[in-house]
$ cat start39.cif   # mmCIF, N, CA and C atoms and all ligand atoms
data_my_file
#
loop_
_atom_site.label_atom_id
_atom_site.label_comp_id
_atom_site.auth_asym_id
_atom_site.auth_seq_id
_atom_site.Cartn_x
_atom_site.Cartn_y
_atom_site.Cartn_z
N MET A 1 44.52 -208.04 63.42
CA MET A 1 43.38 -207.38 62.78
C MET A 1 42.22 -207.31 63.78
N THR A 2 42.03 -206.13 64.29
CA THR A 2 40.93 -206.01 65.24
C THR A 2 40.04 -204.86 64.84
N THR A 3 38.76 -205.13 64.80
CA THR A 3 37.80 -204.06 64.54
C THR A 3 37.01 -203.87 65.81
N THR A 4 37.08 -202.69 66.34
CA THR A 4 36.33 -202.46 67.58
C THR A 4 35.30 -201.37 67.37
N TRP A 5 34.36 -201.38 68.26
CA TRP A 5 33.32 -200.37 68.26
C TRP A 5 33.94 -199.01 68.55
N SER A 6 33.46 -198.00 67.89
CA SER A 6 33.92 -196.66 68.25
C SER A 6 32.74 -195.69 68.10
N ASN A 7 32.86 -194.58 68.77
CA ASN A 7 31.77 -193.60 68.74
C ASN A 7 31.44 -193.12 67.34
N SER A 8 32.43 -193.22 66.45
CA SER A 8 32.19 -192.75 65.08
C SER A 8 31.14 -193.61 64.36
N LEU A 9 30.85 -194.79 64.95
CA LEU A 9 29.85 -195.67 64.33
C LEU A 9 28.44 -195.41 64.85
N LYS A 10 28.32 -194.52 65.81
CA LYS A 10 27.00 -194.28 66.41
C LYS A 10 25.99 -193.71 65.42
N THR A 11 24.78 -194.27 65.45
CA THR A 11 23.71 -193.71 64.63
C THR A 11 22.89 -192.73 65.47
N GLY A 12 23.04 -192.84 66.80
CA GLY A 12 22.28 -191.96 67.69
C GLY A 12 21.08 -192.65 68.31
N LEU A 13 20.75 -193.84 67.82
CA LEU A 13 19.65 -194.61 68.41
C LEU A 13 20.25 -195.64 69.35
N GLU A 14 19.80 -195.62 70.60
CA GLU A 14 20.41 -196.49 71.60
C GLU A 14 20.30 -197.98 71.25
N TRP A 15 19.10 -198.41 70.87
CA TRP A 15 18.91 -199.85 70.59
C TRP A 15 19.75 -200.29 69.40
N GLN A 16 19.83 -199.41 68.40
CA GLN A 16 20.57 -199.75 67.18
C GLN A 16 22.08 -199.79 67.48
N ASP A 17 22.56 -198.80 68.22
CA ASP A 17 23.98 -198.76 68.56
C ASP A 17 24.39 -199.97 69.41
N ALA A 18 23.53 -200.33 70.38
CA ALA A 18 23.85 -201.46 71.25
C ALA A 18 23.95 -202.75 70.43
N GLN A 19 23.03 -202.92 69.48
CA GLN A 19 23.04 -204.14 68.66
C GLN A 19 24.24 -204.14 67.70
N HIS A 20 24.57 -202.99 67.14
CA HIS A 20 25.74 -202.91 66.25
C HIS A 20 27.00 -203.28 67.02
N ARG A 21 27.09 -202.77 68.22
CA ARG A 21 28.27 -203.03 69.04
C ARG A 21 28.42 -204.52 69.31
N GLU A 22 27.32 -205.15 69.68
CA GLU A 22 27.31 -206.59 69.95
C GLU A 22 27.75 -207.37 68.71
N LEU A 23 27.24 -206.99 67.55
CA LEU A 23 27.57 -207.70 66.31
C LEU A 23 29.03 -207.50 65.91
N ILE A 24 29.53 -206.29 66.06
CA ILE A 24 30.93 -206.04 65.71
C ILE A 24 31.85 -206.83 66.65
N ASP A 25 31.52 -206.84 67.94
CA ASP A 25 32.33 -207.62 68.90
C ASP A 25 32.35 -209.09 68.52
N GLU A 26 31.19 -209.62 68.12
CA GLU A 26 31.10 -211.04 67.80
C GLU A 26 31.85 -211.36 66.50
N MET A 27 31.76 -210.47 65.53
CA MET A 27 32.47 -210.71 64.27
C MET A 27 33.98 -210.61 64.49
N ASP A 28 34.37 -209.73 65.39
CA ASP A 28 35.79 -209.59 65.73
C ASP A 28 36.28 -210.86 66.43
N LEU A 29 35.42 -211.39 67.32
CA LEU A 29 35.75 -212.64 68.00
C LEU A 29 35.91 -213.77 66.98
N LEU A 30 35.02 -213.77 65.98
CA LEU A 30 35.08 -214.80 64.94
C LEU A 30 36.42 -214.75 64.21
N LEU A 31 36.80 -213.57 63.78
CA LEU A 31 38.04 -213.44 63.02
C LEU A 31 39.26 -213.77 63.89
N ASN A 32 39.25 -213.29 65.12
CA ASN A 32 40.37 -213.59 66.02
C ASN A 32 40.45 -215.08 66.31
N SER A 33 39.28 -215.72 66.44
CA SER A 33 39.27 -217.16 66.71
C SER A 33 39.80 -217.93 65.50
N MET A 34 39.50 -217.43 64.31
CA MET A 34 40.05 -218.07 63.10
C MET A 34 41.57 -217.93 63.09
N GLU A 35 42.03 -216.77 63.47
CA GLU A 35 43.47 -216.50 63.43
C GLU A 35 44.25 -217.27 64.49
N THR A 36 43.61 -217.53 65.62
CA THR A 36 44.33 -218.23 66.68
C THR A 36 44.09 -219.74 66.64
N GLY A 37 43.46 -220.20 65.55
CA GLY A 37 43.31 -221.65 65.37
C GLY A 37 42.27 -222.30 66.25
N ALA A 38 41.18 -221.61 66.53
CA ALA A 38 40.10 -222.21 67.34
C ALA A 38 39.51 -223.41 66.60
N SER A 39 38.88 -224.30 67.37
CA SER A 39 38.30 -225.50 66.75
C SER A 39 37.12 -225.12 65.85
N ARG A 40 36.80 -226.03 64.93
CA ARG A 40 35.67 -225.77 64.04
C ARG A 40 34.38 -225.62 64.85
N GLU A 41 34.25 -226.44 65.91
CA GLU A 41 33.04 -226.36 66.75
C GLU A 41 32.89 -224.97 67.34
N ALA A 42 34.01 -224.41 67.81
CA ALA A 42 33.96 -223.07 68.42
C ALA A 42 33.55 -222.03 67.38
N LEU A 43 34.08 -222.19 66.16
CA LEU A 43 33.75 -221.23 65.11
C LEU A 43 32.29 -221.35 64.69
N VAL A 44 31.82 -222.60 64.60
CA VAL A 44 30.42 -222.83 64.22
C VAL A 44 29.48 -222.20 65.26
N GLU A 45 29.87 -222.31 66.53
CA GLU A 45 29.06 -221.71 67.62
C GLU A 45 28.95 -220.21 67.42
N ILE A 46 30.05 -219.57 67.04
CA ILE A 46 30.03 -218.12 66.83
C ILE A 46 29.12 -217.80 65.64
N PHE A 47 29.20 -218.63 64.60
CA PHE A 47 28.32 -218.42 63.45
C PHE A 47 26.85 -218.53 63.84
N TYR A 48 26.54 -219.50 64.70
CA TYR A 48 25.15 -219.65 65.13
C TYR A 48 24.68 -218.40 65.86
N PHE A 49 25.54 -217.89 66.73
CA PHE A 49 25.17 -216.67 67.45
C PHE A 49 24.94 -215.53 66.47
N LEU A 50 25.89 -215.38 65.53
CA LEU A 50 25.78 -214.30 64.55
C LEU A 50 24.50 -214.41 63.74
N ASP A 51 24.21 -215.63 63.30
CA ASP A 51 22.99 -215.89 62.53
C ASP A 51 21.76 -215.38 63.25
N SER A 52 21.60 -215.82 64.50
CA SER A 52 20.37 -215.47 65.19
C SER A 52 20.37 -214.00 65.59
N TYR A 53 21.52 -213.48 65.97
CA TYR A 53 21.53 -212.08 66.40
C TYR A 53 21.31 -211.13 65.23
N VAL A 54 21.86 -211.48 64.09
CA VAL A 54 21.71 -210.59 62.94
C VAL A 54 20.27 -210.61 62.43
N ILE A 55 19.62 -211.77 62.53
CA ILE A 55 18.22 -211.84 62.13
C ILE A 55 17.37 -210.96 63.06
N HIS A 56 17.69 -211.04 64.34
CA HIS A 56 17.01 -210.19 65.33
C HIS A 56 17.24 -208.70 65.00
N HIS A 57 18.49 -208.35 64.74
CA HIS A 57 18.83 -206.95 64.47
C HIS A 57 18.18 -206.44 63.18
N PHE A 58 18.32 -207.20 62.11
CA PHE A 58 17.73 -206.76 60.84
C PHE A 58 16.20 -206.69 60.96
N GLY A 59 15.63 -207.59 61.74
CA GLY A 59 14.19 -207.58 61.97
C GLY A 59 13.75 -206.30 62.66
N GLU A 60 14.52 -205.88 63.67
CA GLU A 60 14.17 -204.64 64.39
C GLU A 60 14.29 -203.43 63.47
N GLU A 61 15.32 -203.42 62.64
CA GLU A 61 15.46 -202.29 61.70
C GLU A 61 14.29 -202.30 60.71
N LYS A 62 13.90 -203.48 60.26
CA LYS A 62 12.79 -203.57 59.31
C LYS A 62 11.49 -203.05 59.94
N THR A 63 11.24 -203.48 61.17
CA THR A 63 10.04 -203.02 61.88
C THR A 63 10.05 -201.50 62.00
N ALA A 64 11.21 -200.93 62.38
CA ALA A 64 11.31 -199.48 62.54
C ALA A 64 11.06 -198.78 61.20
N MET A 65 11.60 -199.35 60.12
CA MET A 65 11.43 -198.73 58.80
C MET A 65 9.97 -198.79 58.36
N GLU A 66 9.33 -199.92 58.65
CA GLU A 66 7.92 -200.06 58.25
C GLU A 66 7.04 -199.08 59.02
N LYS A 67 7.27 -199.00 60.33
CA LYS A 67 6.48 -198.09 61.17
C LYS A 67 6.64 -196.65 60.71
N ALA A 68 7.88 -196.31 60.30
CA ALA A 68 8.17 -194.93 59.92
C ALA A 68 7.86 -194.65 58.45
N ARG A 69 7.43 -195.68 57.74
CA ARG A 69 7.24 -195.58 56.28
C ARG A 69 8.49 -194.97 55.64
N TYR A 70 9.60 -195.58 55.98
CA TYR A 70 10.90 -195.10 55.52
C TYR A 70 11.01 -195.23 54.00
N PRO A 71 11.30 -194.14 53.30
CA PRO A 71 11.30 -194.20 51.83
C PRO A 71 12.38 -195.11 51.23
N GLU A 72 13.46 -195.38 51.98
CA GLU A 72 14.53 -196.22 51.40
C GLU A 72 14.51 -197.65 51.93
N LEU A 73 13.35 -198.07 52.41
CA LEU A 73 13.20 -199.42 52.99
C LEU A 73 13.68 -200.52 52.03
N GLY A 74 13.24 -200.46 50.78
CA GLY A 74 13.57 -201.52 49.82
C GLY A 74 15.06 -201.70 49.63
N LEU A 75 15.75 -200.58 49.44
CA LEU A 75 17.20 -200.63 49.23
C LEU A 75 17.92 -201.12 50.48
N HIS A 76 17.44 -200.67 51.62
CA HIS A 76 18.06 -201.05 52.88
C HIS A 76 17.93 -202.57 53.11
N LEU A 77 16.73 -203.09 52.82
CA LEU A 77 16.52 -204.53 53.01
C LEU A 77 17.36 -205.36 52.03
N LEU A 78 17.55 -204.82 50.85
CA LEU A 78 18.38 -205.50 49.86
C LEU A 78 19.82 -205.64 50.39
N GLU A 79 20.30 -204.58 51.02
CA GLU A 79 21.64 -204.63 51.62
C GLU A 79 21.70 -205.73 52.68
N HIS A 80 20.67 -205.81 53.51
CA HIS A 80 20.67 -206.84 54.55
C HIS A 80 20.73 -208.24 53.94
N THR A 81 20.05 -208.42 52.81
CA THR A 81 20.05 -209.72 52.14
C THR A 81 21.47 -210.10 51.69
N ILE A 82 22.22 -209.11 51.25
CA ILE A 82 23.60 -209.37 50.82
C ILE A 82 24.43 -209.92 51.99
N PHE A 83 24.25 -209.32 53.15
CA PHE A 83 25.01 -209.76 54.32
C PHE A 83 24.61 -211.18 54.72
N ILE A 84 23.31 -211.44 54.73
CA ILE A 84 22.83 -212.79 55.10
C ILE A 84 23.39 -213.83 54.13
N THR A 85 23.43 -213.49 52.85
CA THR A 85 23.97 -214.42 51.85
C THR A 85 25.44 -214.71 52.14
N SER A 86 26.21 -213.67 52.45
CA SER A 86 27.63 -213.87 52.77
C SER A 86 27.78 -214.77 54.00
N LEU A 87 26.94 -214.53 54.98
CA LEU A 87 27.03 -215.31 56.22
C LEU A 87 26.76 -216.79 55.94
N VAL A 88 25.74 -217.06 55.13
CA VAL A 88 25.38 -218.44 54.79
C VAL A 88 26.54 -219.10 54.02
N GLU A 89 27.11 -218.36 53.06
CA GLU A 89 28.19 -218.92 52.25
C GLU A 89 29.44 -219.21 53.10
N LEU A 90 29.78 -218.29 53.98
CA LEU A 90 30.96 -218.50 54.82
C LEU A 90 30.77 -219.68 55.76
N LYS A 91 29.56 -219.78 56.31
CA LYS A 91 29.28 -220.88 57.22
C LYS A 91 29.36 -222.21 56.48
N SER A 92 28.85 -222.24 55.27
CA SER A 92 28.88 -223.47 54.49
C SER A 92 30.33 -223.82 54.11
N ASP A 93 31.11 -222.82 53.77
CA ASP A 93 32.54 -223.02 53.46
C ASP A 93 33.24 -223.65 54.67
N LEU A 94 32.96 -223.11 55.84
CA LEU A 94 33.61 -223.61 57.06
C LEU A 94 33.18 -225.04 57.38
N SER A 95 31.95 -225.40 57.02
CA SER A 95 31.50 -226.75 57.33
C SER A 95 32.17 -227.79 56.43
N LYS A 96 32.71 -227.33 55.28
CA LYS A 96 33.34 -228.29 54.35
C LYS A 96 34.87 -228.23 54.35
N ASN A 97 35.41 -227.06 54.68
CA ASN A 97 36.87 -226.88 54.57
C ASN A 97 37.48 -226.35 55.86
N ASP A 98 38.79 -226.51 55.94
CA ASP A 98 39.50 -225.92 57.07
C ASP A 98 39.58 -224.41 56.85
N VAL A 99 39.91 -223.71 57.92
CA VAL A 99 40.05 -222.26 57.81
C VAL A 99 41.27 -221.95 56.94
N SER A 100 41.02 -221.22 55.87
CA SER A 100 42.10 -220.87 54.94
C SER A 100 42.33 -219.36 55.00
N PRO A 101 43.46 -218.92 54.46
CA PRO A 101 43.66 -217.46 54.38
C PRO A 101 42.54 -216.79 53.61
N GLU A 102 42.01 -217.49 52.59
CA GLU A 102 40.90 -216.94 51.81
C GLU A 102 39.64 -216.75 52.65
N LEU A 103 39.36 -217.74 53.47
CA LEU A 103 38.17 -217.66 54.32
C LEU A 103 38.31 -216.50 55.31
N LYS A 104 39.53 -216.33 55.83
CA LYS A 104 39.75 -215.22 56.77
C LYS A 104 39.57 -213.88 56.06
N ALA A 105 40.11 -213.80 54.84
CA ALA A 105 40.00 -212.54 54.09
C ALA A 105 38.54 -212.24 53.76
N LYS A 106 37.80 -213.29 53.39
CA LYS A 106 36.37 -213.10 53.07
C LYS A 106 35.60 -212.68 54.31
N THR A 107 35.94 -213.28 55.44
CA THR A 107 35.25 -212.93 56.69
C THR A 107 35.46 -211.46 57.01
N LYS A 108 36.70 -211.02 56.79
CA LYS A 108 36.99 -209.60 57.06
C LYS A 108 36.25 -208.70 56.06
N ASP A 109 36.34 -209.02 54.79
CA ASP A 109 35.73 -208.16 53.76
C ASP A 109 34.21 -208.18 53.80
N GLN A 110 33.67 -209.42 53.78
CA GLN A 110 32.22 -209.55 53.56
C GLN A 110 31.39 -209.45 54.84
N LEU A 111 32.05 -209.66 55.98
CA LEU A 111 31.27 -209.50 57.22
C LEU A 111 31.64 -208.20 57.92
N ILE A 112 32.87 -208.13 58.45
CA ILE A 112 33.23 -206.97 59.29
C ILE A 112 33.28 -205.66 58.50
N ASP A 113 34.08 -205.64 57.44
CA ASP A 113 34.22 -204.37 56.70
C ASP A 113 32.89 -203.97 56.07
N TRP A 114 32.17 -204.96 55.56
CA TRP A 114 30.85 -204.68 54.96
C TRP A 114 29.94 -204.06 56.01
N PHE A 115 29.93 -204.63 57.20
CA PHE A 115 29.02 -204.17 58.25
C PHE A 115 29.34 -202.74 58.69
N VAL A 116 30.63 -202.48 58.84
CA VAL A 116 31.06 -201.13 59.26
C VAL A 116 30.64 -200.11 58.18
N LYS A 117 30.80 -200.49 56.92
CA LYS A 117 30.41 -199.60 55.82
C LYS A 117 28.89 -199.40 55.80
N HIS A 118 28.17 -200.49 56.03
CA HIS A 118 26.70 -200.41 56.05
C HIS A 118 26.22 -199.46 57.15
N ILE A 119 26.86 -199.56 58.31
CA ILE A 119 26.48 -198.65 59.40
C ILE A 119 26.72 -197.20 58.96
N GLY A 120 27.91 -196.95 58.41
CA GLY A 120 28.29 -195.59 58.05
C GLY A 120 27.43 -194.99 56.94
N GLN A 121 27.06 -195.82 55.97
CA GLN A 121 26.38 -195.27 54.80
C GLN A 121 24.87 -195.46 54.81
N VAL A 122 24.41 -196.50 55.47
CA VAL A 122 22.99 -196.85 55.35
C VAL A 122 22.24 -196.72 56.70
N ASP A 123 22.82 -197.30 57.75
CA ASP A 123 22.14 -197.26 59.05
C ASP A 123 22.13 -195.86 59.66
N LYS A 124 23.18 -195.11 59.45
CA LYS A 124 23.21 -193.74 60.00
C LYS A 124 22.11 -192.89 59.38
N LYS A 125 21.86 -193.12 58.09
CA LYS A 125 20.81 -192.39 57.39
C LYS A 125 19.44 -192.74 58.00
N LEU A 126 19.27 -194.04 58.25
CA LEU A 126 18.02 -194.50 58.87
C LEU A 126 17.87 -193.90 60.27
N GLY A 127 18.95 -193.98 61.06
CA GLY A 127 18.91 -193.44 62.42
C GLY A 127 18.52 -191.97 62.41
N ALA A 128 19.14 -191.21 61.53
CA ALA A 128 18.87 -189.77 61.46
C ALA A 128 17.40 -189.53 61.08
N PHE A 129 16.88 -190.34 60.16
CA PHE A 129 15.48 -190.19 59.73
C PHE A 129 14.54 -190.46 60.91
N LEU A 130 14.82 -191.54 61.64
CA LEU A 130 13.93 -191.91 62.76
C LEU A 130 13.98 -190.85 63.86
N ILE A 131 15.18 -190.33 64.11
CA ILE A 131 15.31 -189.30 65.16
C ILE A 131 14.59 -188.01 64.73
N THR A 132 14.82 -187.61 63.49
CA THR A 132 14.18 -186.39 62.98
C THR A 132 12.66 -186.49 63.05
N ASN A 133 12.16 -187.72 62.79
CA ASN A 133 10.71 -187.88 62.77
C ASN A 133 10.12 -188.36 64.11
N GLY A 134 10.98 -188.35 65.13
CA GLY A 134 10.50 -188.73 66.47
C GLY A 134 10.04 -190.17 66.56
N LEU A 135 10.70 -191.07 65.82
CA LEU A 135 10.28 -192.47 65.77
C LEU A 135 11.41 -193.40 66.21
N GLU A 136 12.05 -193.05 67.32
CA GLU A 136 13.25 -193.79 67.74
C GLU A 136 12.99 -195.24 68.14
N GLU A 137 11.77 -195.56 68.61
CA GLU A 137 11.50 -196.92 69.08
C GLU A 137 11.38 -197.90 67.91
N ALA A 138 11.98 -199.10 68.08
CA ALA A 138 11.88 -200.11 67.01
C ALA A 138 10.49 -200.74 67.05
FE FE B 201 22.12 -202.11 61.49
FE FE B 202 20.79 -201.90 58.34
#

$ encode --input "start39.cif" --output "structure tokens"
Amino acid sequence: MTTTWSNSLKTGLEWQDAQHRELIDEMDLLLNSMETGASREALVEIFYFLDSYVIHHFGEEKTAMEKARYPELGLHLLEHTIFITSLVELKSDLSKNDVSPELKAKTKDQLIDWFVKHIGQVDKKLGAFLITNGLEEA
């Protein structure tokens, strides 16, 4: 199970695309590490990276939305909250239990697949709005 970056995920904003790519690579590393039996310490390290990088990324999107007075800011931020909640729950699950098939399935559904869908349905809309309005900088 590998999810890789592809041009079809591009929003057209360089900073946003670069950050999405980094996050997808890291989530893919997380899932592959779970599948190949990496140590809990190694998995926790990946979670720490994801935590801080996703906060950075969502923060930049929020700043861009605020600057642009983006009309769908509220809904977009709500989506980000869902992802953060999943991340916290998965990390807590991993701190108490061994990696199970359920944890792997949740990681795929709630992190990777969710993120790819969010890019396609929500971030692309934001990217297009910022480009149309000449507000590409975060
Ligand atoms: Fe994004
Ligand atoms: Fe987003």

$ closest_atom_pairs --input "start39.cif" --of "region 36-132 of chain A" --to "region 6-15 of chain A" --cutoff "9 Å" --atoms "only C-alpha atoms" --output "Markdown table"
| residue | atom | partner | partner_atom | distance |
| --- | --- | --- | --- | --- |
| A:Val116 | CA | A:Leu9 | CA | 7.5 |
| A:Ile119 | CA | A:Leu9 | CA | 6.7 |
| A:Gly120 | CA | A:Leu9 | CA | 6.5 |
| A:Asp123 | CA | A:Thr11 | CA | 6.8 |
| A:Lys124 | CA | A:Thr11 | CA | 4.7 |
| A:Lys125 | CA | A:Thr11 | CA | 7.9 |
| A:Leu126 | CA | A:Thr11 | CA | 8.1 |
| A:Gly127 | CA | A:Thr11 | CA | 5.3 |
| A:Ala128 | CA | A:Thr11 | CA | 7.0 |
| A:Leu130 | CA | A:Leu13 | CA | 8.5 |
| A:Ile131 | CA | A:Leu13 | CA | 7.6 |

$ residues_near_ligand --input "start39.cif" --ligand "ligand FE 202 (chain B)" --cutoff "7 Å" --atoms "only N, CA and C atoms and all ligand atoms" --output "PDB file with N, CA and C atoms, keeping the file's coordinate frame"
ATOM      1  N   PHE A  58      18.320-207.200  62.110  1.00  0.00           N
ATOM      2  CA  PHE A  58      17.730-206.760  60.840  1.00  0.00           C
ATOM      3  C   PHE A  58      16.200-206.690  60.960  1.00  0.00           C
ATOM      4  N   GLU A  61      15.320-203.420  62.640  1.00  0.00           N
ATOM      5  CA  GLU A  61      15.460-202.290  61.700  1.00  0.00           C
ATOM      6  C   GLU A  61      14.290-202.300  60.710  1.00  0.00           C
ATOM      7  N   HIS A  76      17.440-200.670  51.620  1.00  0.00           N
ATOM      8  CA  HIS A  76      18.060-201.050  52.880  1.00  0.00           C
ATOM      9  C   HIS A  76      17.930-202.570  53.110  1.00  0.00           C
ATOM     10  N   LEU A  77      16.730-203.090  52.820  1.00  0.00           N
ATOM     11  CA  LEU A  77      16.520-204.530  53.010  1.00  0.00           C
ATOM     12  C   LEU A  77      17.360-205.360  52.030  1.00  0.00           C
ATOM     13  N   GLU A  79      20.300-204.580  51.020  1.00  0.00           N
ATOM     14  CA  GLU A  79      21.640-204.630  51.620  1.00  0.00           C
ATOM     15  C   GLU A  79      21.700-205.730  52.680  1.00  0.00           C
ATOM     16  N   HIS A  80      20.670-205.810  53.510  1.00  0.00           N
ATOM     17  CA  HIS A  80      20.670-206.840  54.550  1.00  0.00           C
ATOM     18  C   HIS A  80      20.730-208.240  53.940  1.00  0.00           C
ATOM     19  N   HIS A 118      28.170-200.490  56.030  1.00  0.00           N
ATOM     20  CA  HIS A 118      26.700-200.410  56.050  1.00  0.00           C
ATOM     21  C   HIS A 118      26.220-199.460  57.150  1.00  0.00           C
ATOM     22  N   ILE A 119      26.860-199.560  58.310  1.00  0.00           N
ATOM     23  CA  ILE A 119      26.480-198.650  59.400  1.00  0.00           C
ATOM     24  C   ILE A 119      26.720-197.200  58.960  1.00  0.00           C
ATOM     25  N   VAL A 122      24.410-196.500  55.470  1.00  0.00           N
ATOM     26  CA  VAL A 122      22.990-196.850  55.350  1.00  0.00           C
ATOM     27  C   VAL A 122      22.240-196.720  56.700  1.00  0.00           C
ATOM     28  N   ASP A 123      22.820-197.300  57.750  1.00  0.00           N
ATOM     29  CA  ASP A 123      22.140-197.260  59.050  1.00  0.00           C
ATOM     30  C   ASP A 123      22.130-195.860  59.660  1.00  0.00           C
TER      31      ASP A 123
END

$ closest_residue --input "start39.cif" --among "A:Glu102, A:Glu26, A:Asp109, A:Asp93" --to "Phe47 (chain A)" --atoms "only N, CA and C atoms"
A:Glu26

$ closest_residue --input "start39.cif" --among "A:His57, A:Leu30, A:Arg40, A:Leu75" --to "ligand FE 201 (chain B)" --atoms "all atoms listed in the file"
A:His57

$ closest_residue --input "start39.cif" --among "A:Ala18, A:Ala64, A:Ala38, A:Leu111" --to "Phe83 (chain A)" --atoms "all atoms listed in the file"
A:Leu111

$ atom_distance --input "start39.cif" --atom1 "CA of Glu45 (chain A)" --atom2 "CA of Asp17 (chain A)"
23.5 Å

$ closest_residue --input "start39.cif" --among "A:Ile24, A:Ala68, A:Val99, A:Met34" --to "ligand FE 201 (chain B)" --atoms "only C-alpha atoms and all ligand atoms"
A:Ile24
